[in-house]
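Here the structure comes first, spelled out in structure tokens, and everything after it is commentary.
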Amino acid sequence: MMGLRAAWPISYMKRHDSGAGGTPHRYWRVKVTGQNLGGTAGYIRAAEIQMRTTSGGADQCTGGTAMADSFYAPEGLTAANAFDDSIFTDWASNGTGNNSWIGYDLGAGNAKDIVEVAWTVGNDASQVPTDVTIDYSDDGSTWTPKWSETGLVFHASGTTTTMSP
Ligand SMILES: [Ca+2]
């Protein structure tokens with residue numbers, strides 16, 4: 001059920017280095033490594049995920065394909081909902097806890113070096129991770145951590161938090 005969303009908390013996950021000279025990759029994801037929602041059974045939810053090649057830069061998640069470990073089918077919370085530029089549509093994992101991930105296939109010939117990820121909290125602000133890794137892949141199945149975040153804090157509506165590893 002969608003509540004009225006008057007304002008939007010966004011948390012940023014960024015790499016310290018500028019990304020200059022970084023290696024581009026076709027597939028990127030946010031992989032949950034910790035959350036407070038019931039061990040391995042928690043639901044993870046996001047309204048929007050943006051991936052950027054510069055801090056504060058344009059979202060690169062366009063024209064490709066959304067990916068996730070799972071989605072919550074009873075409410076139609078598909079991976080694509082995290083990349084549709086609508087804060088009124090959410091992705092949620094299917095209760096997969098620390099196995100939850102949300103990602104994006106930038107498409108063939110469109111590899112990028114992602115240095116910042118922005119996570120907009122979905123309709124249930126408790127369904128967020130505390131720890132994640134930002135992973136890349138060149139084949140969509142074998143993933144390598146690029147950087148990690150621990151102790152993530154997603155604040156209440158209307159506040160923005162910038163986080164660095
Ligand atoms: Ca959305």
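In the structure tokens, chains take letters A, B, ... by order of appearance, with residues numbered from 1 within each chain and ligands from 1 in the order shown.
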If the limit is 6 Å from any atom of ligand 1, counting only C-alpha atoms and all ligand atoms, which residues qualify? Return them as a PyMOL selection string. chain A and resi 47-48+81-90
Exercise: Leu152 of chain A partners within 9 Å, only C-alpha atoms, chain neighbours under 4 positions left out, as a ChimeraX atom specification: /A:11,13,128-132,163
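Nearest residue to Pro24 of chain A, choosing from A:Ala68, A:Ala108, A:Val121, A:Ala80 and counting only C-alpha atoms: A:Ala108.
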Restricting the calculation to only C-alpha atoms: of A:Gly63, A:Gly42, A:Gly103, A:Gly151, which residue gets closest to Tyr136 of chain A?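 Once distances to Tyr136 of chain A are computed over only C-alpha atoms, the minimum belongs to A:Gly103.
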Give me the residues within 9 Å of Ala92 of chain A as a compact mmCIF listing (two decimals) with N, CA and C atoms, in the first residue's frame, counting only C-alpha atoms and dropping any in the same chain fewer than 6 places off.
# COMPACT_ATOMS: atom_id res chain seq x y z
N TYR A 43 13.02 -8.26 4.27
CA TYR A 43 12.68 -7.66 2.98
C TYR A 43 13.45 -6.36 2.83
N ILE A 44 14.07 -6.16 1.70
CA ILE A 44 14.79 -4.94 1.41
C ILE A 44 14.03 -4.21 0.31
N ARG A 45 13.88 -2.89 0.48
CA ARG A 45 12.98 -2.14 -0.39
C ARG A 45 13.62 -0.81 -0.80
N ALA A 46 13.40 -0.40 -2.01
CA ALA A 46 13.91 0.90 -2.48
C ALA A 46 12.93 1.48 -3.49
N ALA A 47 12.76 2.79 -3.42
CA ALA A 47 11.92 3.48 -4.40
C ALA A 47 12.70 3.77 -5.67
N SER A 70 15.65 -11.08 -6.47
CA SER A 70 14.27 -11.52 -6.33
C SER A 70 13.38 -10.28 -6.30
N PHE A 71 12.07 -10.49 -6.33
CA PHE A 71 11.16 -9.38 -6.10
C PHE A 71 9.91 -9.88 -5.42
N TYR A 72 9.23 -8.94 -4.72
CA TYR A 72 8.04 -9.31 -3.96
C TYR A 72 6.82 -9.28 -4.89
N ALA A 73 6.44 -10.46 -5.34
CA ALA A 73 5.41 -10.57 -6.37
C ALA A 73 4.01 -10.15 -5.92
N GLY A 76 3.79 -6.73 -6.76
CA GLY A 76 4.39 -6.35 -8.03
C GLY A 76 5.60 -5.45 -7.90
N LEU A 77 6.41 -5.68 -6.86
CA LEU A 77 7.54 -4.79 -6.57
C LEU A 77 8.79 -5.24 -7.34
N THR A 78 8.75 -5.04 -8.64
CA THR A 78 9.79 -5.54 -9.53
C THR A 78 11.05 -4.69 -9.48
N ALA A 79 12.14 -5.27 -9.95
CA ALA A 79 13.41 -4.54 -10.00
C ALA A 79 13.29 -3.28 -10.84
N ALA A 82 12.75 0.21 -9.34
CA ALA A 82 13.82 0.99 -8.70
C ALA A 82 14.56 1.88 -9.69
N SER A 100 19.78 -10.33 -0.57
CA SER A 100 19.09 -9.37 -1.43
C SER A 100 20.09 -8.52 -2.21
N ILE A 102 20.05 -5.44 -5.65
CA ILE A 102 19.37 -4.71 -6.72
C ILE A 102 20.45 -4.15 -7.63
N GLY A 122 12.06 3.54 0.16
CA GLY A 122 10.73 3.21 -0.34
C GLY A 122 9.64 3.42 0.69
N GLN A 127 12.74 -1.07 5.78
CA GLN A 127 13.22 -2.12 4.89
C GLN A 127 14.44 -1.65 4.09
Calculate how many Å separate atom CA of Asn98 of chain A from atom CA of Thr33 of chain A, rounding to one decimal.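 Atom CA of Thr33 of chain A lies 5.1 Å from atom CA of Asn98 of chain A.
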Which of chain A end up as strand (DSSP E) when DSSP is run on this backbone - answer as a ChimeraX atom specification? /A:10-14,27-35,45-52,65-68,91-92,101-105,116-121,129-137,144-149,160-163
Please save C-alpha atoms of the selected residues as an mmCIF file, in the first residue's frame.
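The file below, out-v9.cif, is the result:
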data_model
loop_
_atom_site.group_PDB
_atom_site.id
_atom_site.type_symbol
_atom_site.label_atom_id
_atom_site.label_comp_id
_atom_site.auth_asym_id
_atom_site.auth_seq_id
_atom_site.Cartn_x
_atom_site.Cartn_y
_atom_site.Cartn_z
ATOM 1 C CA ILE A 10 17.984 9.778 -0.112
ATOM 2 C CA SER A 11 21.198 8.143 1.017
ATOM 3 C CA TYR A 12 24.323 8.287 -1.084
ATOM 4 C CA MET A 13 26.995 5.634 -1.296
ATOM 5 C CA LYS A 14 30.155 6.940 -2.873
ATOM 6 C CA TYR A 27 26.779 -4.671 -14.692
ATOM 7 C CA TRP A 28 26.550 -3.022 -11.262
ATOM 8 C CA ARG A 29 24.597 -3.885 -8.133
ATOM 9 C CA VAL A 30 24.053 -3.010 -4.488
ATOM 10 C CA LYS A 31 24.439 -6.239 -2.526
ATOM 11 C CA VAL A 32 23.068 -6.367 1.017
ATOM 12 C CA THR A 33 25.508 -7.711 3.587
ATOM 13 C CA GLY A 34 23.674 -6.618 6.741
ATOM 14 C CA GLN A 35 20.199 -5.484 7.810
ATOM 15 C CA ARG A 45 12.984 -2.137 -0.390
ATOM 16 C CA ALA A 46 13.911 0.898 -2.482
ATOM 17 C CA ALA A 47 11.919 3.477 -4.397
ATOM 18 C CA GLU A 48 14.815 4.510 -6.649
ATOM 19 C CA ILE A 49 18.435 3.575 -7.189
ATOM 20 C CA GLN A 50 20.741 5.892 -9.116
ATOM 21 C CA MET A 51 24.241 5.025 -10.284
ATOM 22 C CA ARG A 52 26.629 7.804 -11.261
ATOM 23 C CA THR A 65 17.844 -3.604 -17.800
ATOM 24 C CA ALA A 66 17.049 -3.794 -14.099
ATOM 25 C CA MET A 67 18.241 -6.840 -12.184
ATOM 26 C CA ALA A 68 17.652 -8.198 -8.682
ATOM 27 C CA TRP A 91 11.323 -2.691 -5.652
ATOM 28 C CA ALA A 92 11.452 -5.098 -2.737
ATOM 29 C CA TRP A 101 20.550 -7.281 -4.223
ATOM 30 C CA ILE A 102 19.371 -4.709 -6.723
ATOM 31 C CA GLY A 103 21.351 -3.919 -9.838
ATOM 32 C CA TYR A 104 21.457 -2.708 -13.394
ATOM 33 C CA ASP A 105 22.706 -3.992 -16.730
ATOM 34 C CA GLU A 116 28.372 6.875 -6.513
ATOM 35 C CA VAL A 117 25.055 5.232 -5.764
ATOM 36 C CA ALA A 118 21.980 7.031 -4.445
ATOM 37 C CA TRP A 119 19.263 5.052 -2.659
ATOM 38 C CA THR A 120 15.833 6.575 -2.210
ATOM 39 C CA VAL A 121 13.929 4.975 0.644
ATOM 40 C CA PRO A 129 20.202 -2.358 4.619
ATOM 41 C CA THR A 130 22.765 -1.438 7.241
ATOM 42 C CA ASP A 131 25.707 -2.774 5.240
ATOM 43 C CA VAL A 132 26.222 -3.271 1.529
ATOM 44 C CA THR A 133 28.849 -3.843 -1.088
ATOM 45 C CA ILE A 134 28.783 -2.136 -4.467
ATOM 46 C CA ASP A 135 29.705 -4.869 -6.932
ATOM 47 C CA TYR A 136 30.471 -4.963 -10.636
ATOM 48 C CA SER A 137 30.335 -7.717 -13.200
ATOM 49 C CA THR A 144 33.381 -8.453 -7.665
ATOM 50 C CA PRO A 145 33.057 -5.948 -4.800
ATOM 51 C CA LYS A 146 34.148 -2.430 -5.789
ATOM 52 C CA TRP A 147 33.590 -0.802 -2.422
ATOM 53 C CA SER A 148 31.600 -1.363 0.747
ATOM 54 C CA GLU A 149 29.407 0.624 3.129
ATOM 55 C CA THR A 160 19.522 13.729 2.793
ATOM 56 C CA THR A 161 22.588 11.939 4.069
ATOM 57 C CA THR A 162 25.907 11.691 2.272
ATOM 58 C CA MET A 163 27.905 8.564 3.087
#
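Proximity to Ala41 of chain A was assessed for A:Thr96, A:Glu75, A:Thr53, A:Thr150 counting only C-alpha atoms; the smallest distance is recorded for A:Thr96.
Shortest separation to Gly64 of chain A among A:Asp113, A:Asn123, A:Gly107, A:Ser141 occurs at residue A:Gly107, atoms counted being only C-alpha atoms.
Taking atom CA of Thr54 of chain A and atom CA of Ser126 of chain A as endpoints, the distance between them is 28.6 Å.
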Which neighbours of Asp138 of chain A fall inside 8 Å, counting only C-alpha atoms, when residues of the same chain fewer than 5 positions from it are skipped, and could you give them as a PyMOL selection string? chain A and resi 25-27+143
A straight line from atom CA of Ser93 of chain A to atom CA of Arg15 of chain A spans 25.0 Å
DSSP-assigned helix (DSSP H, G or I) members of chain A, reported as number ranges by chain: A: 39-41, 73-75, 79-83, 97-99
